[in-house]
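Student: mmCIF, C-alpha atoms, saved as final.cif, coming up:
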```cif
data_target
#
loop_
_atom_site.label_atom_id
_atom_site.label_comp_id
_atom_site.auth_asym_id
_atom_site.auth_seq_id
_atom_site.Cartn_x
_atom_site.Cartn_y
_atom_site.Cartn_z
CA MET A 163 165.85 -113.15 -28.34
CA LEU A 164 169.41 -113.72 -27.17
CA LEU A 165 169.90 -116.55 -29.66
CA GLU A 166 168.54 -114.35 -32.45
CA ASN A 167 171.00 -111.58 -31.54
CA ILE A 168 173.88 -114.04 -31.49
CA LYS A 169 172.86 -115.41 -34.90
CA MET A 170 172.56 -111.95 -36.44
CA SER A 171 175.91 -110.84 -34.98
CA TRP A 172 177.63 -113.89 -36.39
CA MET A 173 176.05 -113.40 -39.83
CA ASN A 174 177.26 -109.79 -39.94
CA ILE A 175 180.83 -110.89 -39.09
CA VAL A 176 180.78 -113.61 -41.78
CA LYS A 177 179.25 -111.27 -44.33
CA ASN A 178 182.15 -108.80 -43.99
CA LYS A 179 185.07 -111.26 -43.78
CA LEU A 180 187.91 -108.93 -44.77
CA ARG A 181 186.80 -106.11 -42.53
CA SER A 182 186.28 -108.51 -39.63
CA PHE A 183 189.72 -110.02 -40.18
CA LEU A 184 191.44 -106.63 -40.23
CA THR A 185 189.51 -105.62 -37.12
CA MET A 186 190.58 -108.76 -35.26
CA LEU A 187 194.21 -108.42 -36.35
CA GLY A 188 195.03 -105.98 -33.56
CA ILE A 189 193.57 -108.39 -30.99
CA VAL A 190 195.48 -111.32 -32.51
CA ILE A 191 198.79 -109.43 -32.35
CA GLY A 192 198.13 -108.22 -28.82
CA VAL A 193 197.21 -111.64 -27.41
CA ALA A 194 200.06 -113.35 -29.28
CA SER A 195 202.49 -110.77 -27.85
CA ILE A 196 201.27 -111.38 -24.31
CA ILE A 197 201.49 -115.17 -24.67
CA ALA A 198 204.94 -115.13 -26.33
CA LEU A 199 206.56 -112.54 -24.06
CA ILE A 200 205.25 -113.89 -20.77
CA SER A 201 206.01 -117.49 -21.79
CA LEU A 202 209.59 -116.70 -22.81
CA VAL A 203 210.27 -114.58 -19.72
CA GLN A 204 208.73 -117.23 -17.50
CA GLY A 205 210.72 -119.97 -19.25
CA ALA A 206 213.99 -118.07 -18.87
CA SER A 207 213.05 -117.26 -15.28
CA ASP A 208 212.38 -120.94 -14.55
CA ASN A 209 215.76 -121.83 -16.07
CA ILE A 210 217.64 -119.31 -13.98
CA SER A 211 215.52 -119.93 -10.88
CA SER A 212 216.27 -123.64 -10.99
CA GLU A 213 219.98 -122.89 -11.19
CA VAL A 214 219.80 -120.33 -8.38
CA THR A 215 217.71 -122.68 -6.24
CA LYS A 216 220.32 -125.41 -6.76
CA LEU A 217 222.74 -123.15 -4.92
CA GLY A 218 220.47 -123.63 -1.94
CA GLY A 219 218.27 -121.31 0.07
CA ASN A 220 219.94 -122.72 3.18
CA LYS A 221 223.41 -121.60 2.09
CA ILE A 222 225.53 -118.65 3.14
CA LEU A 223 228.39 -117.68 0.81
CA ILE A 224 231.53 -116.15 2.29
CA ASN A 225 234.16 -114.59 0.03
CA ILE A 226 237.48 -113.64 1.61
CA PHE A 227 239.47 -110.69 0.26
CA GLY A 228 241.85 -110.59 3.21
CA THR A 229 244.13 -107.84 4.44
CA PRO A 230 247.81 -107.07 3.79
CA LEU A 231 248.67 -109.11 6.88
CA LYS A 232 246.21 -111.98 6.39
CA GLN A 233 245.03 -113.18 2.98
CA GLY A 234 242.46 -115.81 3.88
CA LEU A 235 241.01 -118.18 6.46
CA SER A 236 242.99 -120.94 8.11
CA ILE A 237 241.57 -124.44 8.47
CA ASN A 238 241.01 -123.84 12.20
CA GLU A 239 239.04 -120.64 11.56
CA ALA A 240 236.87 -122.45 9.00
CA GLU A 241 236.27 -125.19 11.56
CA ASN A 242 235.23 -122.54 14.13
CA ILE A 243 232.54 -121.36 11.72
CA GLY A 244 231.48 -124.95 11.14
CA MET A 245 230.95 -125.42 14.90
CA LEU A 246 228.58 -122.45 15.23
CA GLU A 247 224.98 -123.06 16.26
CA ASN A 248 222.57 -123.71 13.34
CA VAL A 249 225.48 -124.69 11.03
CA HIS A 250 225.33 -128.31 9.92
CA GLY A 251 228.25 -128.18 7.50
CA TYR A 252 230.66 -126.05 5.50
CA SER A 253 232.54 -126.40 2.23
CA PRO A 254 235.77 -124.45 1.66
CA THR A 255 237.00 -123.54 -1.81
CA ILE A 256 240.64 -123.20 -2.83
CA SER A 257 240.89 -122.31 -6.49
CA GLY A 258 243.38 -121.60 -9.22
CA LYS A 259 243.79 -121.90 -12.98
CA THR A 260 246.30 -124.20 -14.57
CA SER A 261 246.76 -126.72 -17.38
CA VAL A 262 245.62 -130.35 -17.35
CA VAL A 263 247.54 -133.02 -19.27
CA TYR A 264 246.47 -136.51 -20.34
CA ASN A 265 248.44 -138.76 -22.68
CA GLY A 266 250.30 -135.81 -24.18
CA ASN A 267 247.12 -133.74 -24.76
CA VAL A 268 246.95 -130.42 -22.91
CA MET A 269 243.99 -128.25 -21.88
CA GLU A 270 244.90 -124.72 -20.79
CA GLY A 271 243.04 -122.41 -18.42
CA ILE A 272 241.32 -125.16 -16.46
CA SER A 273 239.83 -124.17 -13.10
CA VAL A 274 241.14 -126.42 -10.33
CA GLN A 275 239.05 -126.22 -7.16
CA GLY A 276 239.78 -127.74 -3.80
CA LYS A 277 236.57 -128.94 -2.14
CA ASN A 278 235.49 -131.26 0.65
CA ASP A 279 232.88 -134.02 0.95
CA VAL A 280 230.13 -131.58 2.01
CA TYR A 281 230.27 -129.94 -1.43
CA PHE A 282 228.99 -133.20 -2.96
CA THR A 283 226.64 -134.39 -0.20
CA THR A 284 224.66 -131.13 -0.27
CA ASP A 285 224.09 -131.43 -4.04
CA PRO A 286 223.63 -135.06 -5.13
CA ASP A 287 223.02 -133.94 -8.73
CA LEU A 288 226.63 -132.82 -9.24
CA LEU A 289 228.01 -136.22 -10.16
CA HIS A 290 227.52 -137.85 -13.55
CA SER A 291 229.57 -140.98 -12.92
CA GLY A 292 232.03 -142.43 -10.43
CA ARG A 293 232.22 -141.33 -6.82
CA ALA A 294 232.66 -138.09 -4.94
CA ILE A 295 235.50 -136.92 -2.72
CA ASN A 296 235.11 -138.36 0.78
CA ILE A 297 236.54 -137.81 4.25
CA LEU A 298 239.29 -140.40 3.72
CA ASP A 299 240.51 -138.48 0.65
CA LEU A 300 240.69 -135.32 2.75
CA GLU A 301 242.47 -136.89 5.70
CA SER A 302 245.04 -138.71 3.56
CA ARG A 303 245.43 -135.78 1.11
CA SER A 304 244.72 -138.20 -1.73
CA GLN A 305 245.66 -137.24 -5.27
CA VAL A 306 242.22 -137.90 -6.75
CA ALA A 307 240.08 -135.73 -9.05
CA VAL A 308 236.53 -135.27 -10.30
CA ILE A 309 236.50 -133.68 -13.77
CA GLY A 310 234.00 -131.54 -15.73
CA SER A 311 232.13 -132.51 -18.90
CA ASN A 312 234.27 -130.47 -21.32
CA ILE A 313 237.43 -132.13 -20.02
CA VAL A 314 235.84 -135.54 -20.52
CA LYS A 315 234.87 -134.58 -24.06
CA ASP A 316 238.24 -133.10 -25.07
CA LEU A 317 240.69 -135.45 -23.34
CA PHE A 318 238.69 -138.68 -23.09
CA TYR A 319 236.55 -138.76 -26.20
CA ALA A 320 234.90 -142.22 -26.46
CA ILE A 321 237.00 -143.35 -23.46
CA ASP A 322 235.83 -144.02 -19.91
CA PRO A 323 237.94 -141.58 -17.83
CA LEU A 324 237.39 -143.35 -14.51
CA GLY A 325 240.67 -144.75 -13.20
CA LYS A 326 242.77 -142.80 -15.71
CA LYS A 327 245.49 -140.40 -14.55
CA ILE A 328 245.81 -136.72 -15.41
CA THR A 329 248.68 -134.38 -14.58
CA ILE A 330 248.06 -131.08 -12.79
CA ASN A 331 251.05 -128.85 -12.06
CA GLY A 332 253.37 -131.80 -12.52
CA THR A 333 251.44 -134.02 -10.09
CA SER A 334 249.50 -137.10 -11.16
CA TYR A 335 245.85 -137.46 -10.10
CA VAL A 336 243.55 -140.46 -10.47
CA ILE A 337 240.08 -139.64 -11.87
CA ILE A 338 237.41 -140.99 -9.52
CA GLY A 339 234.35 -139.25 -10.98
CA THR A 340 232.88 -136.92 -13.58
CA LEU A 341 230.56 -133.92 -13.16
CA LYS A 342 227.26 -133.42 -14.94
CA ALA A 343 227.25 -130.90 -17.79
CA THR A 344 225.85 -127.51 -16.85
CA THR A 345 223.62 -125.41 -19.11
CA GLY A 346 224.13 -121.91 -20.48
CA PHE A 347 221.97 -120.53 -17.66
CA SER A 348 223.95 -122.26 -14.93
CA LEU A 349 225.56 -120.11 -12.30
CA GLY A 350 229.15 -121.19 -11.75
CA SER A 351 229.60 -123.64 -14.61
CA THR A 352 231.70 -126.71 -13.79
CA ASN A 353 232.21 -127.89 -17.37
CA ASP A 354 235.86 -126.80 -17.40
CA THR A 355 236.58 -127.61 -13.76
CA VAL A 356 238.66 -130.18 -11.92
CA VAL A 357 237.68 -130.78 -8.30
CA ILE A 358 240.29 -132.19 -5.92
CA PRO A 359 240.38 -132.54 -2.10
CA TYR A 360 240.96 -129.11 -0.59
CA THR A 361 243.63 -130.51 1.71
CA THR A 362 245.54 -131.64 -1.38
CA ALA A 363 244.90 -128.32 -3.15
CA PHE A 364 246.93 -126.40 -0.57
CA ARG A 365 250.07 -128.17 -1.79
CA SER A 366 249.13 -128.56 -5.45
CA LEU A 367 248.11 -124.92 -6.02
CA GLY A 368 250.67 -123.41 -3.65
CA VAL A 369 247.94 -121.80 -1.52
CA LYS A 370 248.05 -121.50 2.25
CA THR A 371 244.60 -120.13 3.11
CA ILE A 372 240.93 -120.54 2.21
CA SER A 373 239.49 -117.87 -0.09
CA SER A 374 235.83 -118.92 -0.10
CA LEU A 375 233.50 -120.78 2.22
CA ASP A 376 229.96 -122.14 1.76
CA VAL A 377 228.08 -122.53 5.03
CA PHE A 378 224.94 -124.70 5.20
CA LEU A 379 222.21 -123.99 7.75
CA ASP A 380 219.91 -126.25 9.73
CA ASP A 381 217.13 -123.65 9.96
CA THR A 382 216.82 -120.86 7.37
CA ASN A 383 214.59 -118.89 9.75
CA LEU A 384 217.67 -118.31 11.91
CA ALA A 385 219.81 -117.15 8.97
CA ASP A 386 220.20 -113.58 10.24
CA GLU A 387 221.38 -114.73 13.67
CA THR A 388 223.80 -117.16 12.05
CA VAL A 389 225.21 -114.41 9.80
CA MET A 390 225.88 -112.29 12.89
CA ALA A 391 227.68 -115.22 14.54
CA ILE A 392 229.79 -115.77 11.39
CA LYS A 393 230.68 -112.07 11.35
CA GLY A 394 231.90 -112.44 14.92
CA VAL A 395 234.37 -115.16 13.87
CA LEU A 396 235.49 -113.25 10.75
CA ASN A 397 235.90 -109.95 12.60
CA GLN A 398 238.15 -111.65 15.09
CA ALA A 399 240.13 -113.32 12.30
CA PHE A 400 240.63 -110.06 10.35
CA ASN A 401 240.95 -107.61 13.24
CA TYR A 402 237.42 -106.19 12.72
CA LYS A 403 238.09 -105.04 9.16
CA GLU A 404 234.76 -105.78 7.50
CA ASP A 405 236.05 -104.98 4.01
CA ALA A 406 238.18 -108.11 4.30
CA TYR A 407 235.17 -110.31 3.48
CA THR A 408 231.63 -110.38 2.11
CA ILE A 409 228.70 -112.53 3.24
CA PHE A 410 225.74 -113.45 1.00
CA ASN A 411 222.59 -115.12 2.30
CA MET A 412 221.35 -117.20 -0.65
CA GLY A 413 217.79 -117.24 0.72
CA ASP A 414 217.58 -113.45 0.41
CA ILE A 415 219.16 -113.52 -3.07
CA ILE A 416 216.66 -116.12 -4.33
CA GLU A 417 213.69 -114.13 -2.97
CA SER A 418 214.98 -110.91 -4.55
CA PHE A 419 215.54 -112.61 -7.90
CA GLN A 420 212.06 -114.14 -7.96
CA SER A 421 210.54 -110.77 -7.10
CA ILE A 422 212.45 -109.06 -9.93
CA MET A 423 211.39 -111.68 -12.49
CA SER A 424 207.74 -111.36 -11.42
CA MET A 425 207.93 -107.60 -11.93
CA MET A 426 209.57 -108.15 -15.32
CA SER A 427 206.76 -110.46 -16.42
CA LEU A 428 204.12 -107.92 -15.40
CA LEU A 429 206.00 -105.12 -17.17
CA LEU A 430 206.19 -107.06 -20.43
CA ALA A 431 202.54 -108.05 -20.14
CA GLY A 432 201.66 -104.38 -19.74
CA ILE A 433 203.67 -103.46 -22.84
CA ALA A 434 201.97 -106.19 -24.85
CA ALA A 435 198.56 -105.09 -23.55
CA ILE A 436 199.05 -101.75 -25.31
CA SER A 437 198.59 -103.52 -28.65
CA LEU A 438 195.33 -104.96 -27.29
CA VAL A 439 194.13 -101.43 -26.59
CA VAL A 440 195.00 -100.52 -30.18
CA GLY A 441 193.02 -103.55 -31.32
CA GLY A 442 190.11 -102.43 -29.16
CA ILE A 443 190.13 -99.03 -30.84
CA GLY A 444 189.97 -100.87 -34.17
CA ILE A 445 186.90 -102.77 -33.00
CA MET A 446 185.24 -99.57 -31.86
CA ASN A 447 186.00 -97.87 -35.18
CA MET A 448 184.63 -100.81 -37.17
CA MET A 449 181.44 -100.92 -35.08
CA LEU A 450 180.86 -97.19 -35.58
CA VAL A 451 181.23 -97.67 -39.32
CA ALA A 452 178.84 -100.63 -39.18
CA ILE A 453 176.24 -98.51 -37.40
CA THR A 454 176.44 -95.92 -40.18
CA GLU A 455 176.07 -98.62 -42.83
CA ARG A 456 173.20 -100.35 -41.03
CA THR A 457 171.18 -97.30 -40.04
CA THR A 458 168.21 -98.47 -42.12
CA GLU A 459 168.32 -101.95 -40.54
CA ILE A 460 168.34 -100.45 -37.05
CA GLY A 461 165.39 -98.15 -37.94
CA LEU A 462 163.34 -101.05 -39.31
CA ARG A 463 164.00 -103.20 -36.25
CA LYS A 464 162.99 -100.38 -33.92
CA ALA A 465 159.86 -99.69 -35.98
CA LEU A 466 158.96 -103.38 -35.65
CA GLY A 467 159.24 -103.21 -31.88
CA ALA A 468 162.91 -103.94 -31.07
CA THR A 469 163.90 -102.31 -27.78
CA PRO A 470 167.06 -100.18 -27.36
CA PHE A 471 168.44 -102.96 -25.11
CA THR A 472 168.02 -105.55 -27.90
CA ILE A 473 169.81 -103.33 -30.43
CA GLN A 474 172.60 -102.60 -27.95
CA LEU A 475 172.98 -106.30 -27.12
CA GLN A 476 173.34 -107.26 -30.79
CA PHE A 477 176.21 -104.86 -31.45
CA LEU A 478 177.86 -105.69 -28.12
CA ILE A 479 177.73 -109.42 -28.90
CA GLU A 480 179.28 -108.70 -32.29
CA SER A 481 182.26 -106.87 -30.73
CA ILE A 482 182.70 -109.64 -28.15
CA PHE A 483 182.68 -112.23 -30.94
CA LEU A 484 185.45 -110.33 -32.73
CA SER A 485 187.60 -110.05 -29.62
CA ILE A 486 187.16 -113.69 -28.55
CA ILE A 487 187.89 -115.08 -32.01
CA GLY A 488 190.92 -112.79 -32.23
CA GLY A 489 191.96 -113.90 -28.75
CA LEU A 490 191.80 -117.61 -29.64
CA ALA A 491 193.78 -117.00 -32.84
CA GLY A 492 196.28 -114.96 -30.80
CA ILE A 493 196.72 -117.82 -28.32
CA LEU A 494 197.56 -120.27 -31.12
CA LEU A 495 199.94 -117.81 -32.78
CA GLY A 496 201.56 -116.80 -29.47
CA THR A 497 202.11 -120.42 -28.40
CA LEU A 498 203.67 -121.27 -31.76
CA LEU A 499 205.86 -118.15 -31.67
CA ALA A 500 206.96 -118.83 -28.09
CA ASN A 501 208.03 -122.39 -28.94
CA ILE A 502 209.95 -121.26 -32.03
CA LEU A 503 211.79 -118.48 -30.16
CA ALA A 504 212.48 -120.79 -27.20
CA ALA A 505 214.07 -123.34 -29.52
CA LEU A 506 216.19 -120.63 -31.16
CA ILE A 507 217.56 -119.13 -27.94
CA GLY A 508 217.78 -122.44 -26.07
CA VAL A 509 215.40 -121.97 -23.11
CA TRP A 510 212.39 -123.81 -21.80
CA VAL A 511 209.01 -122.45 -22.80
CA SER A 512 206.56 -122.12 -19.95
CA VAL A 513 203.00 -121.53 -21.19
CA SER A 514 200.66 -121.84 -18.22
CA LEU A 515 196.88 -121.73 -17.79
CA PRO A 516 197.05 -118.39 -15.90
CA THR A 517 198.83 -116.87 -18.92
CA TYR A 518 196.07 -118.08 -21.26
CA THR A 519 193.43 -116.84 -18.82
CA LEU A 520 195.10 -113.43 -18.58
CA ALA A 521 195.31 -113.08 -22.35
CA MET A 522 191.69 -114.15 -22.93
CA GLY A 523 190.51 -111.97 -20.05
CA PHE A 524 192.18 -108.95 -21.65
CA SER A 525 190.68 -109.88 -25.01
CA ALA A 526 187.12 -110.24 -23.67
CA ALA A 527 187.45 -107.01 -21.68
CA VAL A 528 188.54 -105.17 -24.82
CA GLY A 529 185.47 -106.42 -26.68
CA ILE A 530 183.10 -105.31 -23.93
CA ILE A 531 184.73 -101.96 -23.18
CA PHE A 532 185.32 -100.80 -26.75
CA GLY A 533 182.09 -102.30 -28.06
CA PHE A 534 179.88 -100.66 -25.45
CA MET A 535 179.94 -97.11 -26.84
CA PRO A 536 179.05 -98.05 -30.47
CA ALA A 537 176.36 -100.44 -29.20
CA ARG A 538 174.89 -97.72 -26.99
CA ARG A 539 174.96 -95.27 -29.89
CA ALA A 540 173.11 -97.74 -32.10
CA SER A 541 170.45 -98.30 -29.45
CA ARG A 542 169.76 -94.55 -29.24
CA LEU A 543 169.13 -94.01 -32.95
CA ASN A 544 165.76 -92.39 -33.65
CA PRO A 545 163.78 -94.84 -35.84
CA ILE A 546 162.22 -92.00 -37.88
CA ASP A 547 165.66 -90.52 -38.64
CA ALA A 548 166.98 -93.97 -39.44
CA LEU A 549 164.15 -94.74 -41.87
CA ARG A 550 164.71 -91.50 -43.81
CA SER A 551 167.70 -93.16 -45.44
CA LEU A 552 165.39 -95.57 -47.27
#
```
Produce structure tokens that represent the structure in this file.
Tutor:
Amino acid sequence: MLLENIKMSWMNIVKNKLRSFLTMLGIVIGVASIIALISLVQGASDNISSEVTKLGGNKILINIFGTPLKQGLSINEAENIGMLENVHGYSPTISGKTSVVYNGNVMEGISVQGKNDVYFTTDPDLLHSGRAINILDLESRSQVAVIGSNIVKDLFYAIDPLGKKITINGTSYVIIGTLKATTGFSLGSTNDTVVIPYTTAFRSLGVKTISSLDVFLDDTNLADETVMAIKGVLNQAFNYKEDAYTIFNMGDIIESFQSIMSMMSLLLAGIAAISLVVGGIGIMNMMLVAITERTTEIGLRKALGATPFTIQLQFLIESIFLSIIGGLAGILLGTLLANILAALIGVWVSVSLPTYTLAMGFSAAVGIIFGFMPARRASRLNPIDALRSL
């Protein structure tokens, strides 16, 4: 009996191709919207998450604004923070913008940053070629530099920059390494950056204090206690004026970001699901019309002994067929659309099995929910009233 109902439902769909197609169209658009929106948001989220995660969940960022009497941290104060419990390293930043000159070619507005060896050891993916700044460079205040990808492209096109000399603020620096190119979703792009030893940057940039400090933790579970200890050092350095600095725990920022992106994905899925509801209403409308057209058929089947359950099952299977076929077509269209849009805006596309499952689950649910009422109505038709239309 079940196979007979399935066969009859399929024949009715094939018999009315145009009407079936128009009925499924709402489901196709709804499922395609869910697939495309969730995939694009998830892809963009993965892009940004990877960049945020690179900053490190075990990192605390300290930005120094200073006071009228004290503009930044001294080397000794930075070392005091580095000696705190649960701190396994720190990386100061001394920054400024200036021009870089090579062989008569000039690049303006280049960010010159003074860093130490910890900056490179905590992120091995920074370097593209050459070597990083080491402790010997710091101790001897060496005039060495690691340059960004745009500088390599503009000043050293088709030339290996390693060992070449560039001029920064009238001082010559030997290039010892190059940085990997960062993407459009990178936080803190280094493409137009020159990194030099921070001990050298004091003299080169005319700066006397440290304006930023990255602190790396041994145990992220003790991050709150470590932040309090850092505040103790900073309060003492700036006479307990807390507006002289800000502290960011990267672990908390990463968790907050991931939570926001998850909520965004659910919100967009909800918006796309509205079109599925519209498609479900289309299915219900088509099934009600079909019942009117097939009143005689239903009366004959009941007169020949078909039970109300059998009639209801046939129409329910028909609505489920429509929603599933529309769902599969929507998956294909949504995947294609997601890949096209991802290529246009330059992000990864992340189409996962849970996304497909969610879309098909919605589609099947629409077929059952919106097909139930017409199927129930068909099963309740009086066979005598139905046969009067003959």
Student: Which residue out of A:Val440, A:Met423, A:Met412, A:Ile224 has the minimum interatomic distance to Ser373 in chain A when only C-alpha atoms are used?
Tutor: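 Looking only at the distances to Ser373 in chain A, the closest residue turns out to be A:Ile224.
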Student: Can you list, as an mmCIF file with C-alpha atoms, keeping the file's coordinate frame, every protein, DNA or RNA residue that comes within 10 Å of range 497-506 of chain A when you count only C-alpha atoms, leaving out same-chain residues fewer than 5 positions away?
Tutor:
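See selection_34.cif below for the written result:
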```cif
data_model
loop_
_atom_site.group_PDB
_atom_site.id
_atom_site.type_symbol
_atom_site.label_atom_id
_atom_site.label_comp_id
_atom_site.auth_asym_id
_atom_site.auth_seq_id
_atom_site.Cartn_x
_atom_site.Cartn_y
_atom_site.Cartn_z
ATOM 1 C CA ALA A 194 200.060 -113.350 -29.280
ATOM 2 C CA SER A 195 202.490 -110.770 -27.850
ATOM 3 C CA ILE A 196 201.270 -111.380 -24.310
ATOM 4 C CA ILE A 197 201.490 -115.170 -24.670
ATOM 5 C CA ALA A 198 204.940 -115.130 -26.330
ATOM 6 C CA LEU A 199 206.560 -112.540 -24.060
ATOM 7 C CA ILE A 200 205.250 -113.890 -20.770
ATOM 8 C CA SER A 201 206.010 -117.490 -21.790
ATOM 9 C CA LEU A 202 209.590 -116.700 -22.810
ATOM 10 C CA VAL A 203 210.270 -114.580 -19.720
ATOM 11 C CA GLY A 205 210.720 -119.970 -19.250
ATOM 12 C CA ALA A 206 213.990 -118.070 -18.870
ATOM 13 C CA GLY A 492 196.280 -114.960 -30.800
ATOM 14 C CA VAL A 511 209.010 -122.450 -22.800
ATOM 15 C CA SER A 512 206.560 -122.120 -19.950
ATOM 16 C CA VAL A 513 203.000 -121.530 -21.190
ATOM 17 C CA TYR A 518 196.070 -118.080 -21.260
#
```
Student: Work out how far apart CA of Thr352 in chain A and CA of Asn220 in chain A are and give it in Å to one decimal.
Tutor: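 So the two atoms, CA of Thr352 in chain A and CA of Asn220 in chain A, lie 21.0 Å apart.
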Student: Any chance you could resolve the PyMOL selection byres ((chain A and resi 396-399) around 10) against this file and give the residues as a compact mmCIF listing (two decimals) with C-alpha atoms, in the coordinates of the input?
Tutor:
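File produced: selection.txt:
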```txt
# COMPACT_ATOMS: atom_id res chain seq x y z
CA ILE A 224 231.53 -116.15 2.29
CA ILE A 226 237.48 -113.64 1.61
CA GLY A 228 241.85 -110.59 3.21
CA LYS A 232 246.21 -111.98 6.39
CA GLY A 234 242.46 -115.81 3.88
CA LEU A 235 241.01 -118.18 6.46
CA SER A 236 242.99 -120.94 8.11
CA GLU A 239 239.04 -120.64 11.56
CA ALA A 240 236.87 -122.45 9.00
CA ASN A 242 235.23 -122.54 14.13
CA ILE A 243 232.54 -121.36 11.72
CA MET A 390 225.88 -112.29 12.89
CA ALA A 391 227.68 -115.22 14.54
CA ILE A 392 229.79 -115.77 11.39
CA LYS A 393 230.68 -112.07 11.35
CA GLY A 394 231.90 -112.44 14.92
CA VAL A 395 234.37 -115.16 13.87
CA PHE A 400 240.63 -110.06 10.35
CA ASN A 401 240.95 -107.61 13.24
CA TYR A 402 237.42 -106.19 12.72
CA LYS A 403 238.09 -105.04 9.16
CA GLU A 404 234.76 -105.78 7.50
CA ASP A 405 236.05 -104.98 4.01
CA ALA A 406 238.18 -108.11 4.30
CA TYR A 407 235.17 -110.31 3.48
CA THR A 408 231.63 -110.38 2.11
```
Student: Which residues would end up in the selection if the PyMOL selection byres ((chain A and resi 266-279) around 8) were applied here, given that I need the answer as a PDB file with C-alpha atoms, in the frame of the given file?
Tutor:
```
ATOM      1  CA  SER A 253     232.540-126.400   2.230  1.00  0.00           C
ATOM      2  CA  PRO A 254     235.770-124.450   1.660  1.00  0.00           C
ATOM      3  CA  THR A 255     237.000-123.540  -1.810  1.00  0.00           C
ATOM      4  CA  ILE A 256     240.640-123.200  -2.830  1.00  0.00           C
ATOM      5  CA  SER A 257     240.890-122.310  -6.490  1.00  0.00           C
ATOM      6  CA  GLY A 258     243.380-121.600  -9.220  1.00  0.00           C
ATOM      7  CA  LYS A 259     243.790-121.900 -12.980  1.00  0.00           C
ATOM      8  CA  THR A 260     246.300-124.200 -14.570  1.00  0.00           C
ATOM      9  CA  SER A 261     246.760-126.720 -17.380  1.00  0.00           C
ATOM     10  CA  VAL A 262     245.620-130.350 -17.350  1.00  0.00           C
ATOM     11  CA  VAL A 263     247.540-133.020 -19.270  1.00  0.00           C
ATOM     12  CA  TYR A 264     246.470-136.510 -20.340  1.00  0.00           C
ATOM     13  CA  ASN A 265     248.440-138.760 -22.680  1.00  0.00           C
ATOM     14  CA  VAL A 280     230.130-131.580   2.010  1.00  0.00           C
ATOM     15  CA  TYR A 281     230.270-129.940  -1.430  1.00  0.00           C
ATOM     16  CA  PHE A 282     228.990-133.200  -2.960  1.00  0.00           C
ATOM     17  CA  THR A 283     226.640-134.390  -0.200  1.00  0.00           C
ATOM     18  CA  ALA A 294     232.660-138.090  -4.940  1.00  0.00           C
ATOM     19  CA  ILE A 295     235.500-136.920  -2.720  1.00  0.00           C
ATOM     20  CA  ASN A 296     235.110-138.360   0.780  1.00  0.00           C
ATOM     21  CA  ILE A 297     236.540-137.810   4.250  1.00  0.00           C
ATOM     22  CA  LEU A 300     240.690-135.320   2.750  1.00  0.00           C
ATOM     23  CA  ILE A 313     237.430-132.130 -20.020  1.00  0.00           C
ATOM     24  CA  LEU A 317     240.690-135.450 -23.340  1.00  0.00           C
ATOM     25  CA  ASP A 354     235.860-126.800 -17.400  1.00  0.00           C
ATOM     26  CA  THR A 355     236.580-127.610 -13.760  1.00  0.00           C
ATOM     27  CA  VAL A 356     238.660-130.180 -11.920  1.00  0.00           C
ATOM     28  CA  VAL A 357     237.680-130.780  -8.300  1.00  0.00           C
ATOM     29  CA  ILE A 358     240.290-132.190  -5.920  1.00  0.00           C
ATOM     30  CA  PRO A 359     240.380-132.540  -2.100  1.00  0.00           C
ATOM     31  CA  TYR A 360     240.960-129.110  -0.590  1.00  0.00           C
ATOM     32  CA  THR A 361     243.630-130.510   1.710  1.00  0.00           C
ATOM     33  CA  THR A 362     245.540-131.640  -1.380  1.00  0.00           C
ATOM     34  CA  ALA A 363     244.900-128.320  -3.150  1.00  0.00           C
ATOM     35  CA  PHE A 364     246.930-126.400  -0.570  1.00  0.00           C
TER      36      PHE A 364
END
```
Student: If we draw a sphere of 7 Å around (221.3, -121.0, 5.2), which residues have at least one atom in it when counting all atoms listed in the file? Please report them as a list of chain:residue names.
Tutor: A:Gly219, A:Asn220, A:Lys221, A:Ile222, A:Val377, A:Phe378, A:Leu379, A:Asp381, A:Thr382, A:Ala385, A:Asn411, A:Met412, A:Gly413
Student: To test your reading of the syntax: which residues would the PyMOL selection byres ((chain A and resi 320-330) around 7) return for the file shown? Reply as an MDAnalysis selection string.
Tutor: chainID A and resid 261:264 292 314 318:319 331:339
Student: At what distance in Å, to one decimal, does CA of Gln204 in chain A lie from CA of Ser421 in chain A?
Tutor: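 Rounded to one decimal, the two atoms are 12.4 Å apart.
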Student: With a distance cut-off of 7 Å and all atoms listed in the file, select the neighbouring residues of Thr340 in chain A, excluding the residue or stretch itself and same-chain residues fewer than 5 positions from it, and output the selection as a list in words.
Tutor: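 These residues fall inside the cut-off: Leu289, His290, Ser291, Gly292, Val308, Ile309, Gly310 and Ser311 of chain A.
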Student: Return the single residue from A:Leu341, A:Ser351, A:Val451, A:Met446 that is closest to Asp287 in chain A, with distances computed using all atoms listed in the file.
Tutor: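 The closest residue to Asp287 in chain A is A:Leu341.
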Student: Please compute the CA of Tyr252 in chain A-CA of Asn209 in chain A distance, one decimal, in Å.
Tutor: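 Computing the Euclidean distance for CA of Tyr252 in chain A and CA of Asn209 in chain A yields 26.6 Å.
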Student: Nearest to Ile486 in chain A among A:Val439, A:Val190, A:Leu223, A:Leu520, with distances taken over only C-alpha atoms: which residue is it?
Tutor: A:Val190
